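Peer 1: Before we start, here is the structure in question, set down as structure tokens.
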Amino acid sequence: MLLSKAPALCGSALRLSSATARIQAKGGAAALQNARLYAQAAEAVLDKSEVGSGAAVKARAEKKAAAAESKSFAVNMFKGQISTAQVFPFPSVMNEEQTQFLQELVPPVAKFFDEVNDPAKNDVLEKVEDHTMEGLKEMGAFGLQVPADLGGLGLTNTQYARLVEIVGSHDLGVGITLGAHQSIGFKGILLFGNPQQKEKYLPKLASGENIAAFCLTEPASGSDAASIKTAAVQSECGQYFTLNGGKIWISNGGLAEIFTVFAKTPVKDEKTGEMKDKITAFIVERSFGGVTHGPPEKKMGIKASNTAEVYFENVRVPADCVLGEVGGGFKVAMNILNNGRFGMAAALAGTMKGVMTKAVDHAANRTQFGSKIHTYGAIQEKVAQMAMLHYVTESMAYMVSGNMDSGASEFQIEAAISKIFASEAAWTVTDECIQIMGGMGFMKDTGVERVMRDLRIFRIFEGTNDILRLFVALNGFQNAGNHLKALQKALKNPLGNAGLLVGEVSKRAKRKAGLSTGLTLQGTIHPDLAQSGDLAVKAVEEFGVTVENLLLKHGKKIINEQFVLKRVADSAIDLYAMVVVLSRASRSLSQQMPTAQHEKMLCETWCTEAHDRIMQNLRHLRSSSSRQTFKNMREISAAVVENGGIVAPHPLGF
């Protein structure tokens with residue numbers, strides 16, 4: 001790769017202009033000398049060979065070029081850059097007709113959940129009452145995003161989010177029944193189905209005549225989806241597959257007629273000619289025969305939703321029921337999950353709004369020590385934190401849905417962040433609601449304990465938050481690595497890439513000297529939020545430097561550094577949260593909305609606290625003491641596991 005010639009090439013680039021020479025004198029030389037290290041680290045992280053057919057190499061090059069020009073804020077923040085295209089201004093994606101249609105839908109849906117659905121009774125019965133299910137079908141709630149010409153309401157992602165928010169504020173058990181059906185159950189048909197499959201299945205799914213389920217999880221494959229055992233073998237005639245295996249914890253598993261099932265299939269490797277097992281997605285009808293299910297699972301929460309094991313025994317699945325391509329099932333599964341995560345944030349924003357109403361009502365009316373408890377600082381801090389968590393979650397939900405409706409193709413990191421943040425924020429808000437209400441909050445009749453039980457699963461399913469944090473961090477590192485690899489290629493032709501090299505040298509030299517690199521949100525955010533915007537910019541710059549240094553330090557072994565990855569992901573989550581509230585509050589200030597000053601306070605307070613958390617995380621990652629802390633954690637965990645529990649003896653000695 002001619003890396004040995006890089007110093008000479010760098011020297012040539014540095015002599016291109018007097019401006020570059022001045023940078024060299026101020027430390028830019030050292031920065032550019034490190035360019036080889038940056039490039040080598042990037043190469044190690046990516047670990048991708050350039051051998052292969054010309055078409056394959058060209059395809060990879062085009063993919064990398066697209067990645068380099070990403071409009072995703074989350075992708076760019078890992079490179080220490082700010083891309084405002086998908087975050088400013090705050091999305092306003094509905095036209096007049098769509099807005100009017102949604103305004104007509106919201107009141108009857110809210111009224112239905114206020115007057116017809118009984119969440120407490122559903123919880124006791126451990127099923128959604130029959131009349132509620134029928135009412136939901138009549139409203140079209142089972143086909144919210146199915147095109148109108150196929151019997152659905154044809155809602156956009158933003159419209160869908162608004163209705164899901166109402167469901168989430170009333171009954172998460174019903175929310176899971178509806179979500180498992182359309183957010184993941186038949187979402188694959190919407191995203192990957194051919195016209196024939198859509199015409200055959202979607203009308204009855206939209207009407208609720210048929211219920212759908214998403215079948216991925218198995219006893220030995222939870223987060224590790226690639227390790228599934230369920231298998232489908234194609235017949236010699238090629239007209240059908242024989243499906244055998246079992247799935248566990250399937251929402252709607254005992255109700256569904258239509259299943260999206262993921263199974264291993266033998267596929268010929270184009271390069272080697274060998275047969276390898278790859279995952280394929282199938283549309284499976286219960287009517288095919290051989291499809292059975294177990295009894296409803298006894299669960300901690302979301303008891304109204306049906307959860308069961310589903311078994312497939314010698315099920316003959318027609319070849320035209322393959323969803324997408326044979327061997328392309330992993331892509332189908334990940335796209336379904338990525339596409340549906342924004343809905344969880346919207347639903348949980350509704351949940352938070354519902355429990356906050358109860359907390360605030362109690363705080364406003366409960367008198368202790370001669371005063372209403374909402375006048376005490378301890379309660380005020382809780383209410384303010386709850387309000388901020390809700391504001392961030394709601395902003396994330398409609399930012400991501402707006403991006404999707406605008407045609408953005410890169411929102412995977414943002415969607416994962418929204419799911420992580422929403423599920424943890426909703427838990428915190430509900431917990432604080434119980435705390436504010438005291439003993440009353442602990443009582444069953446209040447209904448908050450049911451919400452608490454229901455919420456616990458949201459940090460686990462559709463990607464556990466632990467795995468999604470790794471997803472956020474590693475995707476970010478890969479994109480940062482692509483950027484550094486582009487720098488490596490530029491070093492091979494310094495004269496032709498003078499602008500890029502000079503810019504990189506200048507940026508690193510300024511960072512090293514503690515100077516601004518020129519990043520700014522001025523002119524993008526409202527002037528009243530300038531201070532908060534500066535905090536976000538500083539955080540992005542420091543974050544980009546830390547990511548780059550971690551690439552240098554760990555190379556491709558970064559994938560094994562989960563202590564590090566968690567803290568990087570936490571910083572990324574806080575950063576994205578800062579930007580979405582800056583965007584939303586800027587819109588409110590610009591439009592002089594009545595709540596603008598309140599939103600300004602929410603935004604400023606959030607940005608101050610988030611900035612401090614980010615800086616603390618980044619300092620910790622840079623400190624030598626963190627290595628010892630991580631080492632201690634590994635050894636403590638290993639000792640506890642080896643001992644089968646607590647290692648330290650009881651303080652009384654027995």
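Naming scheme: A, B, ... for chains in displayed order of the structure tokens; residues 1 onward per chain; ligands 1 onward as shown.
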Give me the residues near A:Asp574 as a PyMOL selection string, where near means some atom within 12 Å (using only C-alpha atoms) and where sequence neighbours in that chain fewer than 2 positions away do not count.
Peer 2: chain A and resi 74+77+389+392-393+396+414+417-418+420-421+535-536+539-540+543+567-572+576-581+606-617
Peer 1: Among the residues of stretch 140-369 of chain A, find those DSSP assigns to helix (DSSP H, G or I) from the backbone and print them as an MDAnalysis selection string.
Peer 2: chainID A and resid 148:150 157:170 172:185 187:192 195:207 225:227 286:288 319:321 329:365
Peer 1: Would you kindly return, as a PyMOL selection string, each protein, DNA or RNA residue with an atom no farther than 9 Å from any atom of A:Ala161, considering only C-alpha atoms and excluding same-chain residues fewer than 2 positions away?
Peer 2: chain A and resi 156-159+163-166+342-347+397-398+401
Peer 1: Go ahead and save the residues from that selection, with N, CA, C and O atoms, as a compact mmCIF listing (two decimals), in the first residue's frame.
Peer 2:
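New file again-v4.txt:
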```
# COMPACT_ATOMS: atom_id res chain seq x y z
N THR A 156 -48.55 7.66 7.07
CA THR A 156 -47.10 7.87 7.05
C THR A 156 -46.53 7.44 8.40
O THR A 156 -47.28 7.16 9.35
N ASN A 157 -45.22 7.43 8.50
CA ASN A 157 -44.58 7.07 9.77
C ASN A 157 -44.93 8.07 10.87
O ASN A 157 -45.14 7.69 12.02
N THR A 158 -45.01 9.35 10.51
CA THR A 158 -45.33 10.38 11.50
C THR A 158 -46.78 10.25 11.97
O THR A 158 -47.07 10.38 13.17
N GLN A 159 -47.68 9.99 11.05
CA GLN A 159 -49.09 9.78 11.43
C GLN A 159 -49.21 8.54 12.32
O GLN A 159 -49.92 8.55 13.33
N LEU A 163 -50.64 8.11 16.50
CA LEU A 163 -51.68 7.20 17.00
C LEU A 163 -51.10 6.19 17.99
O LEU A 163 -51.74 5.85 18.99
N VAL A 164 -49.89 5.72 17.71
CA VAL A 164 -49.24 4.79 18.63
C VAL A 164 -48.99 5.45 19.98
O VAL A 164 -49.07 4.81 21.03
N GLU A 165 -48.72 6.74 19.95
CA GLU A 165 -48.51 7.50 21.19
C GLU A 165 -49.77 7.44 22.08
O GLU A 165 -49.67 7.29 23.31
N ILE A 166 -50.93 7.52 21.46
CA ILE A 166 -52.19 7.43 22.21
C ILE A 166 -52.33 6.06 22.85
O ILE A 166 -52.68 5.92 24.03
N PHE A 342 -38.72 3.41 15.85
CA PHE A 342 -39.23 4.75 16.15
C PHE A 342 -40.60 4.68 16.80
O PHE A 342 -40.97 5.52 17.63
N GLY A 343 -41.38 3.65 16.42
CA GLY A 343 -42.72 3.49 16.98
C GLY A 343 -42.70 3.24 18.47
O GLY A 343 -43.60 3.66 19.21
N MET A 344 -41.65 2.55 18.94
CA MET A 344 -41.52 2.30 20.36
C MET A 344 -41.28 3.61 21.11
O MET A 344 -41.84 3.84 22.18
N ALA A 345 -40.45 4.47 20.54
CA ALA A 345 -40.20 5.77 21.17
C ALA A 345 -41.49 6.58 21.25
O ALA A 345 -41.77 7.24 22.27
N ALA A 346 -42.30 6.54 20.19
CA ALA A 346 -43.56 7.29 20.19
C ALA A 346 -44.52 6.73 21.24
O ALA A 346 -45.14 7.49 22.00
N ALA A 347 -44.64 5.42 21.30
CA ALA A 347 -45.54 4.79 22.27
C ALA A 347 -45.13 5.13 23.70
O ALA A 347 -45.97 5.45 24.55
N ALA A 397 -38.62 10.65 18.72
CA ALA A 397 -39.60 9.85 17.97
C ALA A 397 -40.01 10.56 16.68
O ALA A 397 -40.04 9.95 15.60
N TYR A 398 -40.31 11.85 16.78
CA TYR A 398 -40.80 12.57 15.60
C TYR A 398 -39.67 13.07 14.71
O TYR A 398 -39.89 13.36 13.53
N SER A 401 -39.13 9.64 12.75
CA SER A 401 -40.25 9.39 11.83
C SER A 401 -40.25 10.42 10.70
O SER A 401 -40.55 10.10 9.54
```
Peer 1: Would you work out the distance separating atom CA of A:Gln380 from atom CA of A:Ala359, expressed in Å to one decimal?
Peer 2: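 Distance reported for this atom pair: 11.4 Å.
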Peer 1: Report as CSV the residues of stretch 317-424 of chain A within 9 Å of stretch 244-263 of chain A, each with its shortest atom pair and distance in Å (one decimal), using only C-alpha atoms, ordered by chain and increasing residue number.
Peer 2:
```
residue,atom,partner,partner_atom,distance
A:Leu323,CA,A:Thr260,CA,8.4
A:Gly329,CA,A:Phe262,CA,6.5
A:Phe330,CA,A:Phe262,CA,8.2
A:Ala333,CA,A:Phe262,CA,8.0
```
Peer 1: Kindly indicate which residue among A:Thr351, A:Asn335, A:Glu542, A:Arg469 lies nearest to A:Phe411, using only C-alpha atoms for the distances.
Peer 2: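 Closest to A:Phe411, using only C-alpha atoms: A:Asn335.
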Peer 1: Excluding same-chain residues fewer than 4 positions from A:Leu172, what lies within 7 Å of it counting only C-alpha atoms, as an mmCIF file with N, CA, C and O atoms, in the first residue's frame?
Peer 2:
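Result saved to part-v9.cif:
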```cif
data_model
loop_
_atom_site.group_PDB
_atom_site.id
_atom_site.type_symbol
_atom_site.label_atom_id
_atom_site.label_comp_id
_atom_site.auth_asym_id
_atom_site.auth_seq_id
_atom_site.Cartn_x
_atom_site.Cartn_y
_atom_site.Cartn_z
ATOM 1 N N VAL A 167 -52.035 5.017 22.069
ATOM 2 C CA VAL A 167 -52.123 3.652 22.592
ATOM 3 C C VAL A 167 -51.165 3.481 23.770
ATOM 4 O O VAL A 167 -51.534 2.938 24.819
ATOM 5 N N GLY A 168 -49.945 3.980 23.617
ATOM 6 C CA GLY A 168 -48.944 3.835 24.667
ATOM 7 C C GLY A 168 -49.313 4.546 25.952
ATOM 8 O O GLY A 168 -48.897 4.138 27.040
ATOM 9 N N ILE A 176 -48.659 -3.778 22.379
ATOM 10 C CA ILE A 176 -47.829 -4.899 21.897
ATOM 11 C C ILE A 176 -48.619 -5.779 20.941
ATOM 12 O O ILE A 176 -48.086 -6.265 19.935
ATOM 13 N N ILE A 302 -47.141 -6.748 30.381
ATOM 14 C CA ILE A 302 -47.857 -6.834 29.092
ATOM 15 C C ILE A 302 -48.671 -8.134 29.028
ATOM 16 O O ILE A 302 -48.665 -8.850 28.027
ATOM 17 N N ASP A 454 -45.331 -3.525 32.850
ATOM 18 C CA ASP A 454 -45.378 -3.559 31.389
ATOM 19 C C ASP A 454 -44.088 -3.026 30.765
ATOM 20 O O ASP A 454 -43.612 -3.540 29.748
#
```
Peer 1: Using only C-alpha atoms for the distances, tell me which of A:Ser406, A:Gln628, A:Thr177, A:Thr464 is nearest to A:Lys303.
Peer 2: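 Counting only C-alpha atoms, the residue closest to A:Lys303 is A:Thr177.
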Peer 1: Name the closest residue to A:Asn479 among the candidates A:Tyr201, A:Phe90, A:Phe458, A:Phe78; distances are taken between atoms, counting only C-alpha atoms.
Peer 2: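 Looking only at the distances to A:Asn479, the closest residue turns out to be A:Phe78.
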Peer 1: Between atom CA of A:Phe192 and atom CA of A:Ile279, measure the distance and give it in Å to one decimal.
Peer 2: 15.0 Å
Peer 1: Interatomic distance between atom CA of A:Gly645 and atom CA of A:Phe630?
Peer 2: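 Pair atom CA of A:Gly645 / atom CA of A:Phe630 returns 20.0 Å.
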Peer 1: Considering only C-alpha atoms, state which residue in the set A:Leu550, A:Ser227, A:Gly193, A:Gly377 is at the smallest distance from A:Asp320.
Peer 2: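 The shortest atom-to-atom distance to A:Asp320 comes from A:Gly193.
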